[in-house]
Amino acid sequence: MKRWIKKAWPYWAGGLLLGGLNVLLLSLSGQAWQVSGGYLLWGAGILQKLGVPALTWDYFEVYNTRYRQIIADDSVFLNQYTILNLGVVAGALLATLVSSQFKWKKVKNKKQVAFALLGGILMGYGSRLAGGCNIGGFFSGLASFSLHAWVFWLFVAVGAFVGTRLLLRFLVR
Amino acid sequence: MEIKDLDCLYEACPIPLIRAIQALRTMQTGDILVVHSDESCAAVMMQEWAQQNGYSIRVTESDVGEWEIYLQKP
Amino acid sequence: MPSQEMDKLLAQRQNVRQQNKKSQTPYAVGLLVFLIAVGGLLWTKDIYYPIFWGVGAALGYVLRSSRFCFVAAFRDPILLKNTKLMRAMILALAVSSTGFLLVQQHYLAQHPGADAGQLPGILNPVGLHTVIGAFLFGIGMVLAGGCASGVLMRIGEGHMLPWVTLLGFLIGTTWGAKDYPVWYHWLMEKAQTIYLPDVFGTAAAFVLQMGALAVLYTLAAWYQKKHSKDNKQENAHGN
């Protein structure tokens with residue numbers, strides 16, 4: 001029993017379940033799995049708190065009106081997108097505790113921090129252009145039969161190739 | 001037969017595996033490399049890699065959320 | 001492959017090490033109770049919130065339990081010539097495509113003539129902005145060692161570093177929203193949302209997409225086999 005709990009599930013089982021859960025989410029809520037939308041609302045909400053009027057930028061008022069209701073309801077920090085993201089964190093934590101493998105893992109050096117920050121910024125900016133991340137833009141997008149997701153697939157692979165070169169060159173001592 | 005330990009604690013994926021591959025390159029047939037990692041996916045990745053490249057491998061959870069991965073050069 | 005030396009070494013070290021690993025099951029039970037309580041609390045705010053909470057938690061549970069990682073799915077075929085995760089992702093795409101199409105068909109039956117942009121799912125305009133965005137995203141995810149979902153999962157595992165990635169992501173995605181009008185007028189204004197069933201017909205689009213996924217799966221399997229030293233592929237997947 002203990003062994004079984006600690007053992008990693010095979011990748012294919014994970015894949016089948018993730019695909020199935022995404023369908024479940026779409027059919028129950030009408031909303032496919034996405035991550036970066038919640039990040040955007042957090043980021044803009046924090047800026048707003050800091051005194052930058054991010055929530056009234058043209059992006060929200062003209063170009064992407066999907067989040068308008070959430071902004072009008074003043075629920076930028078707690079809404080369907082952010083709850084979904086917090087759920088993922090909570091679920092991962094639960095799985096880690098169930099297998100008794102939770103450990104605080106500290107940051108090792110400044111180089112790690114620099115690359116994590118740079119990588120995050122590149123992903124964030126890219127996700128706004130492409131209209132989503134690996135999840136919303138690609139995983140849910142492809143399942144929605146949208147052509148953009150196939151283009152995303154091709155060029156995220158090209159990006160991963162370049163990223164791998166950079167990683168081997170700079171991040172591995 | 002030589003035994004070499006490689007400390008990859010607090011290193012994010014895929015650095016532990018890349019460093020293990022680099023270390024194994026400098027080792028002789030029969031030598032054992034012990035990789036220490038706290039990345040939960042590292043052991044799975046290395047098992048995949050070892051199988052694909054004909055290395056024998058053992059994995060043990062050495063502490064809470066820490067793993068030792070033993071690789072022997074064929 | 002048998003290796004007595006490794007087994008011996010492992011046993012030696014195991015004996016020296018004190019075996020007092022604490023079980024974290026009590027915390028897990030506590031967390032589960034907390035999750036359910038939060039779900040109930042969310043329910044009082046909006047009946048849809050517990051769905052997002054529950055499915056989100058299930059997704060996180062599966063991601064961590066199967067060590068599923070979208071970055072590795074794209075990266076490992078390049079870095080390690082291993083396509084196992086990529087193939088699992090293709091499987092997931094086949095499952096979700098089928099389900100999504102059914103949901104979309106149901107929606108279309110109720111809302112005849114709905115525009116592609118209104119359909120359930122995520123349909124975005126396609127164009128050069130998709131190319132640039134995906135390319136930047138691909139570089140970033142490998143450097144950071146985790147994509148948007150991986151960051152969430154790794155935070156749940158207790159890693160500190162993904163908090164930094166999260167901060168970077170918030171900066172980048174907010175920055176992108178600020179610059180959006182510039183990109184919009186340059187690239188996106190004329191870009192169209194293309195729903196494949198509108199182009200090929202529903203049945204043909206489904207067959208085409210499944211066919212493409214099947215071809216990619218086969219190619220991926222062939223690629224790994226070509227770059228393998230032994231052929232005993234499909235057994236161990238341990239700790």
# chains A, B, ... in the order shown; residues from 1 in each chain; ligands from 1
call {"tool": "select_by_dssp", "arguments": {"residues": "segment 95-182 of chain C", "states": "helix (DSSP H, G or I)", "output": "PyMOL selection string"}}
result
chain C and resi 95-110+116-118+128-144+148-157+161-182
call {"tool": "write_last_selection", "arguments": {"atoms": "C-alpha atoms", "output": "mmCIF file, in the first residue's frame"}}
result
data_model
loop_
_atom_site.group_PDB
_atom_site.id
_atom_site.type_symbol
_atom_site.label_atom_id
_atom_site.label_comp_id
_atom_site.auth_asym_id
_atom_site.auth_seq_id
_atom_site.Cartn_x
_atom_site.Cartn_y
_atom_site.Cartn_z
ATOM 1 C CA VAL C 95 -9.151 12.478 -25.327
ATOM 2 C CA SER C 96 -9.885 16.153 -24.787
ATOM 3 C CA SER C 97 -10.429 16.870 -28.503
ATOM 4 C CA THR C 98 -13.153 14.241 -28.605
ATOM 5 C CA GLY C 99 -14.830 15.553 -25.476
ATOM 6 C CA PHE C 100 -14.528 19.196 -26.481
ATOM 7 C CA LEU C 101 -16.065 18.518 -29.892
ATOM 8 C CA LEU C 102 -19.080 16.884 -28.238
ATOM 9 C CA VAL C 103 -19.528 19.869 -25.919
ATOM 10 C CA GLN C 104 -19.185 22.265 -28.866
ATOM 11 C CA GLN C 105 -21.684 20.289 -30.945
ATOM 12 C CA HIS C 106 -24.126 20.405 -28.067
ATOM 13 C CA TYR C 107 -23.641 24.172 -27.819
ATOM 14 C CA LEU C 108 -24.094 24.635 -31.574
ATOM 15 C CA ALA C 109 -27.326 22.639 -31.488
ATOM 16 C CA GLN C 110 -28.657 25.101 -28.933
ATOM 17 C CA ALA C 116 -16.237 30.611 -33.742
ATOM 18 C CA GLY C 117 -15.124 33.022 -31.024
ATOM 19 C CA GLN C 118 -18.185 32.238 -28.896
ATOM 20 C CA LEU C 128 2.401 36.075 -36.660
ATOM 21 C CA HIS C 129 1.636 37.079 -33.063
ATOM 22 C CA THR C 130 0.985 33.396 -32.265
ATOM 23 C CA VAL C 131 4.378 32.538 -33.757
ATOM 24 C CA ILE C 132 6.248 35.192 -31.773
ATOM 25 C CA GLY C 133 4.343 34.529 -28.563
ATOM 26 C CA ALA C 134 4.800 30.763 -28.673
ATOM 27 C CA PHE C 135 8.502 31.156 -29.511
ATOM 28 C CA LEU C 136 9.119 33.464 -26.532
ATOM 29 C CA PHE C 137 7.074 31.147 -24.337
ATOM 30 C CA GLY C 138 9.123 28.137 -25.453
ATOM 31 C CA ILE C 139 12.425 29.794 -24.557
ATOM 32 C CA GLY C 140 11.107 31.045 -21.236
ATOM 33 C CA MET C 141 9.634 27.756 -20.068
ATOM 34 C CA VAL C 142 12.883 25.850 -20.576
ATOM 35 C CA LEU C 143 14.990 28.513 -18.847
ATOM 36 C CA ALA C 144 12.597 28.701 -15.910
ATOM 37 C CA ALA C 148 2.473 28.219 -16.045
ATOM 38 C CA SER C 149 0.928 25.007 -14.711
ATOM 39 C CA GLY C 150 4.277 23.547 -13.654
ATOM 40 C CA VAL C 151 4.906 26.617 -11.514
ATOM 41 C CA LEU C 152 1.652 26.012 -9.639
ATOM 42 C CA MET C 153 2.411 22.333 -9.163
ATOM 43 C CA ARG C 154 5.941 22.981 -7.938
ATOM 44 C CA ILE C 155 4.782 25.629 -5.492
ATOM 45 C CA GLY C 156 2.479 22.948 -4.085
ATOM 46 C CA GLU C 157 5.431 20.581 -3.751
ATOM 47 C CA LEU C 161 12.159 28.936 -6.865
ATOM 48 C CA PRO C 162 8.853 28.839 -8.807
ATOM 49 C CA TRP C 163 7.678 31.781 -6.683
ATOM 50 C CA VAL C 164 10.313 33.780 -8.551
ATOM 51 C CA THR C 165 9.091 32.392 -11.878
ATOM 52 C CA LEU C 166 5.547 33.309 -10.872
ATOM 53 C CA LEU C 167 6.661 36.869 -10.148
ATOM 54 C CA GLY C 168 8.354 36.992 -13.552
ATOM 55 C CA PHE C 169 5.235 35.606 -15.208
ATOM 56 C CA LEU C 170 3.048 38.252 -13.564
ATOM 57 C CA ILE C 171 5.443 40.984 -14.695
ATOM 58 C CA GLY C 172 5.647 39.616 -18.234
ATOM 59 C CA THR C 173 1.971 38.971 -18.761
ATOM 60 C CA THR C 174 0.962 42.370 -17.351
ATOM 61 C CA TRP C 175 3.625 44.043 -19.468
ATOM 62 C CA GLY C 176 2.219 42.205 -22.490
ATOM 63 C CA ALA C 177 -1.255 43.526 -21.721
ATOM 64 C CA LYS C 178 0.136 47.064 -21.568
ATOM 65 C CA ASP C 179 1.828 46.680 -24.970
ATOM 66 C CA TYR C 180 -1.154 44.850 -26.450
ATOM 67 C CA PRO C 181 -2.583 47.768 -28.477
ATOM 68 C CA VAL C 182 0.716 48.127 -30.353
#
call {"tool": "closest_atom_pairs", "arguments": {"of": "chain B", "to": "chain A", "cutoff": "12 Å", "atoms": "only C-alpha atoms", "output": "JSON lines"}}
result
{"residue": "B:Asp7", "atom": "CA", "partner": "A:Lys108", "partner_atom": "CA", "distance": 11.8}
{"residue": "B:Cys8", "atom": "CA", "partner": "A:Lys108", "partner_atom": "CA", "distance": 10.1}
{"residue": "B:Leu9", "atom": "CA", "partner": "A:Lys108", "partner_atom": "CA", "distance": 8.4}
{"residue": "B:Tyr10", "atom": "CA", "partner": "A:Lys108", "partner_atom": "CA", "distance": 5.8}
{"residue": "B:Glu11", "atom": "CA", "partner": "A:Lys108", "partner_atom": "CA", "distance": 7.3}
{"residue": "B:Ala12", "atom": "CA", "partner": "A:Gln112", "partner_atom": "CA", "distance": 8.6}
{"residue": "B:Cys13", "atom": "CA", "partner": "A:Leu167", "partner_atom": "CA", "distance": 10.9}
{"residue": "B:Pro14", "atom": "CA", "partner": "A:Leu167", "partner_atom": "CA", "distance": 9.4}
{"residue": "B:Ile15", "atom": "CA", "partner": "A:Val172", "partner_atom": "CA", "distance": 6.5}
{"residue": "B:Pro16", "atom": "CA", "partner": "A:Val172", "partner_atom": "CA", "distance": 9.3}
{"residue": "B:Leu17", "atom": "CA", "partner": "A:Val172", "partner_atom": "CA", "distance": 10.5}
{"residue": "B:Ile18", "atom": "CA", "partner": "A:Val172", "partner_atom": "CA", "distance": 7.6}
{"residue": "B:Arg19", "atom": "CA", "partner": "A:Val172", "partner_atom": "CA", "distance": 7.2}
{"residue": "B:Ala20", "atom": "CA", "partner": "A:Val172", "partner_atom": "CA", "distance": 11.0}
{"residue": "B:Ile21", "atom": "CA", "partner": "A:Val172", "partner_atom": "CA", "distance": 11.5}
{"residue": "B:Gln22", "atom": "CA", "partner": "A:Val172", "partner_atom": "CA", "distance": 9.9}
{"residue": "B:Ala23", "atom": "CA", "partner": "A:Arg173", "partner_atom": "CA", "distance": 11.4}
{"residue": "B:Ser37", "atom": "CA", "partner": "A:Lys105", "partner_atom": "CA", "distance": 10.7}
{"residue": "B:Asp38", "atom": "CA", "partner": "A:Lys105", "partner_atom": "CA", "distance": 7.7}
{"residue": "B:Glu39", "atom": "CA", "partner": "A:Lys105", "partner_atom": "CA", "distance": 9.0}
{"residue": "B:Ser40", "atom": "CA", "partner": "A:Gln101", "partner_atom": "CA", "distance": 8.6}
{"residue": "B:Cys41", "atom": "CA", "partner": "A:Ala8", "partner_atom": "CA", "distance": 8.9}
{"residue": "B:Ala42", "atom": "CA", "partner": "A:Ala8", "partner_atom": "CA", "distance": 11.5}
{"residue": "B:Ala43", "atom": "CA", "partner": "A:Ala8", "partner_atom": "CA", "distance": 9.8}
{"residue": "B:Val44", "atom": "CA", "partner": "A:Ala8", "partner_atom": "CA", "distance": 7.8}
{"residue": "B:Met45", "atom": "CA", "partner": "A:Tyr11", "partner_atom": "CA", "distance": 11.0}
{"residue": "B:Gln47", "atom": "CA", "partner": "A:Ala8", "partner_atom": "CA", "distance": 11.7}
{"residue": "B:Glu48", "atom": "CA", "partner": "A:Tyr11", "partner_atom": "CA", "distance": 11.3}
{"residue": "B:Val59", "atom": "CA", "partner": "A:Lys7", "partner_atom": "CA", "distance": 11.3}
{"residue": "B:Thr60", "atom": "CA", "partner": "A:Lys6", "partner_atom": "CA", "distance": 11.1}
{"residue": "B:Glu61", "atom": "CA", "partner": "A:Gln101", "partner_atom": "CA", "distance": 9.0}
{"residue": "B:Ser62", "atom": "CA", "partner": "A:Gln101", "partner_atom": "CA", "distance": 10.7}
{"residue": "B:Asp63", "atom": "CA", "partner": "A:Gln101", "partner_atom": "CA", "distance": 8.4}
{"residue": "B:Val64", "atom": "CA", "partner": "A:Gln101", "partner_atom": "CA", "distance": 5.1}
{"residue": "B:Gly65", "atom": "CA", "partner": "A:Gln101", "partner_atom": "CA", "distance": 4.1}
{"residue": "B:Glu66", "atom": "CA", "partner": "A:Gln101", "partner_atom": "CA", "distance": 7.7}
{"residue": "B:Trp67", "atom": "CA", "partner": "A:Gln101", "partner_atom": "CA", "distance": 10.0}
call {"tool": "closest_atom_pairs", "arguments": {"of": "chain C", "to": "chain B", "cutoff": "6 Å", "atoms": "only C-alpha atoms", "output": "JSON lines"}}
result
{"residue": "C:Met1", "atom": "CA", "partner": "B:Ser56", "partner_atom": "CA", "distance": 5.6}
{"residue": "C:Arg67", "atom": "CA", "partner": "B:Cys41", "partner_atom": "CA", "distance": 5.6}
{"residue": "C:Gly145", "atom": "CA", "partner": "B:Cys13", "partner_atom": "CA", "distance": 5.9}
{"residue": "C:Ser228", "atom": "CA", "partner": "B:Gln52", "partner_atom": "CA", "distance": 4.7}
{"residue": "C:Lys229", "atom": "CA", "partner": "B:Asn53", "partner_atom": "CA", "distance": 5.1}
call {"tool": "residues_around", "arguments": {"residues": "Glu189 of chain C", "least_positions_apart": "2", "cutoff": "12 Å", "atoms": "only C-alpha atoms", "output": "number ranges by chain"}}
result
A: 63; C: 125-129, 180-187, 191-193
call {"tool": "write_last_selection", "arguments": {"atoms": "N, CA, C and O atoms", "output": "mmCIF file, in the first residue's frame"}}
result
data_model
loop_
_atom_site.group_PDB
_atom_site.id
_atom_site.type_symbol
_atom_site.label_atom_id
_atom_site.label_comp_id
_atom_site.auth_asym_id
_atom_site.auth_seq_id
_atom_site.Cartn_x
_atom_site.Cartn_y
_atom_site.Cartn_z
ATOM 1 N N TYR A 63 -9.717 45.588 -26.055
ATOM 2 C CA TYR A 63 -9.236 44.451 -26.834
ATOM 3 C C TYR A 63 -9.674 43.101 -26.296
ATOM 4 O O TYR A 63 -9.846 42.164 -27.051
ATOM 5 N N PRO C 125 -7.427 34.133 -32.384
ATOM 6 C CA PRO C 125 -6.987 34.477 -33.732
ATOM 7 C C PRO C 125 -5.589 33.922 -33.967
ATOM 8 O O PRO C 125 -4.780 33.846 -33.029
ATOM 9 N N VAL C 126 -5.330 33.518 -35.191
ATOM 10 C CA VAL C 126 -4.021 32.943 -35.487
ATOM 11 C C VAL C 126 -3.273 33.883 -36.430
ATOM 12 O O VAL C 126 -3.868 34.488 -37.318
ATOM 13 N N GLY C 127 -1.971 34.005 -36.199
ATOM 14 C CA GLY C 127 -1.167 34.886 -37.038
ATOM 15 C C GLY C 127 0.257 34.951 -36.546
ATOM 16 O O GLY C 127 0.672 34.132 -35.710
ATOM 17 N N LEU C 128 0.993 35.936 -37.030
ATOM 18 C CA LEU C 128 2.401 36.075 -36.660
ATOM 19 C C LEU C 128 2.570 36.270 -35.151
ATOM 20 O O LEU C 128 3.575 35.864 -34.565
ATOM 21 N N HIS C 129 1.543 36.889 -34.515
ATOM 22 C CA HIS C 129 1.636 37.079 -33.063
ATOM 23 C C HIS C 129 1.661 35.739 -32.331
ATOM 24 O O HIS C 129 2.324 35.601 -31.310
ATOM 25 N N TYR C 180 -0.244 45.550 -25.544
ATOM 26 C CA TYR C 180 -1.154 44.850 -26.450
ATOM 27 C C TYR C 180 -1.665 45.712 -27.604
ATOM 28 O O TYR C 180 -1.677 45.240 -28.752
ATOM 29 N N PRO C 181 -2.069 46.965 -27.358
ATOM 30 C CA PRO C 181 -2.583 47.768 -28.477
ATOM 31 C C PRO C 181 -1.595 47.886 -29.634
ATOM 32 O O PRO C 181 -1.997 47.843 -30.797
ATOM 33 N N VAL C 182 -0.300 48.008 -29.307
ATOM 34 C CA VAL C 182 0.716 48.127 -30.353
ATOM 35 C C VAL C 182 0.724 46.861 -31.222
ATOM 36 O O VAL C 182 0.659 46.923 -32.455
ATOM 37 N N TRP C 183 0.804 45.711 -30.557
ATOM 38 C CA TRP C 183 0.808 44.430 -31.279
ATOM 39 C C TRP C 183 -0.499 44.244 -32.051
ATOM 40 O O TRP C 183 -0.508 43.730 -33.160
ATOM 41 N N TYR C 184 -1.576 44.653 -31.399
ATOM 42 C CA TYR C 184 -2.883 44.450 -32.024
ATOM 43 C C TYR C 184 -2.945 45.149 -33.372
ATOM 44 O O TYR C 184 -3.319 44.558 -34.384
ATOM 45 N N HIS C 185 -2.529 46.424 -33.389
ATOM 46 C CA HIS C 185 -2.650 47.163 -34.642
ATOM 47 C C HIS C 185 -1.631 46.715 -35.666
ATOM 48 O O HIS C 185 -1.846 46.846 -36.869
ATOM 49 N N TRP C 186 -0.522 46.160 -35.175
ATOM 50 C CA TRP C 186 0.494 45.705 -36.101
ATOM 51 C C TRP C 186 0.142 44.341 -36.700
ATOM 52 O O TRP C 186 0.224 44.133 -37.914
ATOM 53 N N LEU C 187 -0.274 43.394 -35.839
ATOM 54 C CA LEU C 187 -0.403 42.015 -36.311
ATOM 55 C C LEU C 187 -1.793 41.394 -36.185
ATOM 56 O O LEU C 187 -2.187 40.566 -36.984
ATOM 57 N N ALA C 191 -6.063 39.364 -38.167
ATOM 58 C CA ALA C 191 -5.954 37.927 -37.917
ATOM 59 C C ALA C 191 -7.324 37.330 -37.628
ATOM 60 O O ALA C 191 -8.175 37.973 -37.015
ATOM 61 N N GLN C 192 -7.513 36.105 -38.097
ATOM 62 C CA GLN C 192 -8.821 35.473 -37.923
ATOM 63 C C GLN C 192 -8.741 34.287 -36.988
ATOM 64 O O GLN C 192 -7.727 33.611 -36.887
ATOM 65 N N THR C 193 -9.867 34.051 -36.301
ATOM 66 C CA THR C 193 -9.998 32.840 -35.508
ATOM 67 C C THR C 193 -10.474 31.737 -36.435
ATOM 68 O O THR C 193 -11.518 31.881 -37.072
#
call {"tool": "closest_residue", "arguments": {"among": "C:Asp76, C:Pro50, C:Cys147, C:Leu9", "to": "Val35 of chain A", "atoms": "only C-alpha atoms"}}
result
C:Cys147
call {"tool": "decode", "arguments": {"residues": "segment 47-138 of chain A", "atoms": "C-alpha atoms", "output": "PDB file, in the first residue's frame"}}
result
ATOM      1  CA  LEU A  47      -0.448  47.068 -10.039  1.00  0.00           C
ATOM      2  CA  GLN A  48      -3.810  48.663  -9.347  1.00  0.00           C
ATOM      3  CA  LYS A  49      -3.182  48.321  -5.611  1.00  0.00           C
ATOM      4  CA  LEU A  50       0.204  49.941  -6.106  1.00  0.00           C
ATOM      5  CA  GLY A  51      -1.476  52.909  -7.704  1.00  0.00           C
ATOM      6  CA  VAL A  52      -1.035  52.074 -11.401  1.00  0.00           C
ATOM      7  CA  PRO A  53      -4.440  52.070 -13.126  1.00  0.00           C
ATOM      8  CA  ALA A  54      -3.784  48.740 -14.869  1.00  0.00           C
ATOM      9  CA  LEU A  55      -7.383  47.539 -14.752  1.00  0.00           C
ATOM     10  CA  THR A  56      -8.508  50.398 -16.976  1.00  0.00           C
ATOM     11  CA  TRP A  57      -5.876  49.797 -19.636  1.00  0.00           C
ATOM     12  CA  ASP A  58      -7.151  49.488 -23.181  1.00  0.00           C
ATOM     13  CA  TYR A  59      -6.425  45.765 -23.017  1.00  0.00           C
ATOM     14  CA  PHE A  60      -9.322  45.241 -20.629  1.00  0.00           C
ATOM     15  CA  GLU A  61     -11.611  47.943 -21.999  1.00  0.00           C
ATOM     16  CA  VAL A  62     -11.196  47.490 -25.749  1.00  0.00           C
ATOM     17  CA  TYR A  63      -9.236  44.451 -26.834  1.00  0.00           C
ATOM     18  CA  ASN A  64     -10.197  41.701 -24.440  1.00  0.00           C
ATOM     19  CA  THR A  65     -13.510  42.291 -22.740  1.00  0.00           C
ATOM     20  CA  ARG A  66     -13.688  38.787 -21.258  1.00  0.00           C
ATOM     21  CA  TYR A  67     -12.460  39.980 -17.864  1.00  0.00           C
ATOM     22  CA  ARG A  68     -14.614  43.105 -17.718  1.00  0.00           C
ATOM     23  CA  GLN A  69     -17.320  41.578 -15.532  1.00  0.00           C
ATOM     24  CA  ILE A  70     -14.745  40.303 -13.041  1.00  0.00           C
ATOM     25  CA  ILE A  71     -13.182  43.765 -12.845  1.00  0.00           C
ATOM     26  CA  ALA A  72     -16.595  45.389 -12.478  1.00  0.00           C
ATOM     27  CA  ASP A  73     -17.428  42.955  -9.648  1.00  0.00           C
ATOM     28  CA  ASP A  74     -14.177  43.914  -7.951  1.00  0.00           C
ATOM     29  CA  SER A  75     -13.173  40.248  -7.781  1.00  0.00           C
ATOM     30  CA  VAL A  76      -9.813  40.422  -9.529  1.00  0.00           C
ATOM     31  CA  PHE A  77      -8.120  38.305  -6.878  1.00  0.00           C
ATOM     32  CA  LEU A  78     -10.891  35.794  -6.343  1.00  0.00           C
ATOM     33  CA  ASN A  79     -12.624  34.597  -9.490  1.00  0.00           C
ATOM     34  CA  GLN A  80     -13.036  31.445 -11.566  1.00  0.00           C
ATOM     35  CA  TYR A  81      -9.544  31.745 -13.077  1.00  0.00           C
ATOM     36  CA  THR A  82      -7.649  32.353  -9.855  1.00  0.00           C
ATOM     37  CA  ILE A  83      -9.655  29.722  -7.968  1.00  0.00           C
ATOM     38  CA  LEU A  84      -8.719  27.193 -10.647  1.00  0.00           C
ATOM     39  CA  ASN A  85      -5.035  28.100 -10.216  1.00  0.00           C
ATOM     40  CA  LEU A  86      -5.176  27.927  -6.420  1.00  0.00           C
ATOM     41  CA  GLY A  87      -6.901  24.564  -6.778  1.00  0.00           C
ATOM     42  CA  VAL A  88      -3.946  23.227  -8.777  1.00  0.00           C
ATOM     43  CA  VAL A  89      -1.534  24.332  -6.033  1.00  0.00           C
ATOM     44  CA  ALA A  90      -3.722  22.752  -3.358  1.00  0.00           C
ATOM     45  CA  GLY A  91      -4.098  19.511  -5.317  1.00  0.00           C
ATOM     46  CA  ALA A  92      -0.346  19.218  -5.883  1.00  0.00           C
ATOM     47  CA  LEU A  93       0.258  19.866  -2.188  1.00  0.00           C
ATOM     48  CA  LEU A  94      -2.278  17.188  -1.273  1.00  0.00           C
ATOM     49  CA  ALA A  95      -0.641  14.631  -3.563  1.00  0.00           C
ATOM     50  CA  THR A  96       2.764  15.464  -2.087  1.00  0.00           C
ATOM     51  CA  LEU A  97       1.509  15.052   1.487  1.00  0.00           C
ATOM     52  CA  VAL A  98      -0.324  11.825   0.675  1.00  0.00           C
ATOM     53  CA  SER A  99       2.978  10.336  -0.490  1.00  0.00           C
ATOM     54  CA  SER A 100       4.778  11.921   2.517  1.00  0.00           C
ATOM     55  CA  GLN A 101       7.258  13.699   0.277  1.00  0.00           C
ATOM     56  CA  PHE A 102       6.736  17.322   1.225  1.00  0.00           C
ATOM     57  CA  LYS A 103       9.902  19.300   1.803  1.00  0.00           C
ATOM     58  CA  TRP A 104      10.632  23.023   1.676  1.00  0.00           C
ATOM     59  CA  LYS A 105      13.096  23.375  -1.159  1.00  0.00           C
ATOM     60  CA  LYS A 106      15.181  26.486  -0.882  1.00  0.00           C
ATOM     61  CA  VAL A 107      16.726  28.558  -3.642  1.00  0.00           C
ATOM     62  CA  LYS A 108      20.340  27.586  -4.232  1.00  0.00           C
ATOM     63  CA  ASN A 109      21.952  30.583  -5.913  1.00  0.00           C
ATOM     64  CA  LYS A 110      21.427  33.917  -7.614  1.00  0.00           C
ATOM     65  CA  LYS A 111      21.844  32.459 -11.076  1.00  0.00           C
ATOM     66  CA  GLN A 112      18.778  30.279 -10.560  1.00  0.00           C
ATOM     67  CA  VAL A 113      16.801  33.321  -9.486  1.00  0.00           C
ATOM     68  CA  ALA A 114      17.913  35.346 -12.510  1.00  0.00           C
ATOM     69  CA  PHE A 115      16.957  32.601 -14.957  1.00  0.00           C
ATOM     70  CA  ALA A 116      13.650  31.872 -13.213  1.00  0.00           C
ATOM     71  CA  LEU A 117      12.747  35.551 -13.385  1.00  0.00           C
ATOM     72  CA  LEU A 118      13.870  35.943 -17.003  1.00  0.00           C
ATOM     73  CA  GLY A 119      12.084  32.755 -18.027  1.00  0.00           C
ATOM     74  CA  GLY A 120       8.939  33.898 -16.244  1.00  0.00           C
ATOM     75  CA  ILE A 121       8.954  37.274 -17.986  1.00  0.00           C
ATOM     76  CA  LEU A 122       9.471  35.663 -21.413  1.00  0.00           C
ATOM     77  CA  MET A 123       6.624  33.208 -20.759  1.00  0.00           C
ATOM     78  CA  GLY A 124       4.356  35.933 -19.456  1.00  0.00           C
ATOM     79  CA  TYR A 125       4.904  38.270 -22.386  1.00  0.00           C
ATOM     80  CA  GLY A 126       4.631  35.405 -24.860  1.00  0.00           C
ATOM     81  CA  SER A 127       1.389  34.189 -23.334  1.00  0.00           C
ATOM     82  CA  ARG A 128      -0.215  37.600 -23.821  1.00  0.00           C
ATOM     83  CA  LEU A 129       0.774  37.649 -27.500  1.00  0.00           C
ATOM     84  CA  ALA A 130      -0.242  34.087 -28.256  1.00  0.00           C
ATOM     85  CA  GLY A 131      -3.414  34.381 -26.193  1.00  0.00           C
ATOM     86  CA  GLY A 132      -2.536  31.813 -23.558  1.00  0.00           C
ATOM     87  CA  CYS A 133       0.129  29.536 -22.172  1.00  0.00           C
ATOM     88  CA  ASN A 134       0.858  25.861 -22.666  1.00  0.00           C
ATOM     89  CA  ILE A 135      -2.479  25.144 -21.074  1.00  0.00           C
ATOM     90  CA  GLY A 136      -4.990  27.702 -22.332  1.00  0.00           C
ATOM     91  CA  GLY A 137      -3.263  28.554 -25.589  1.00  0.00           C
ATOM     92  CA  PHE A 138      -2.144  25.082 -26.491  1.00  0.00           C
TER      93      PHE A 138
END
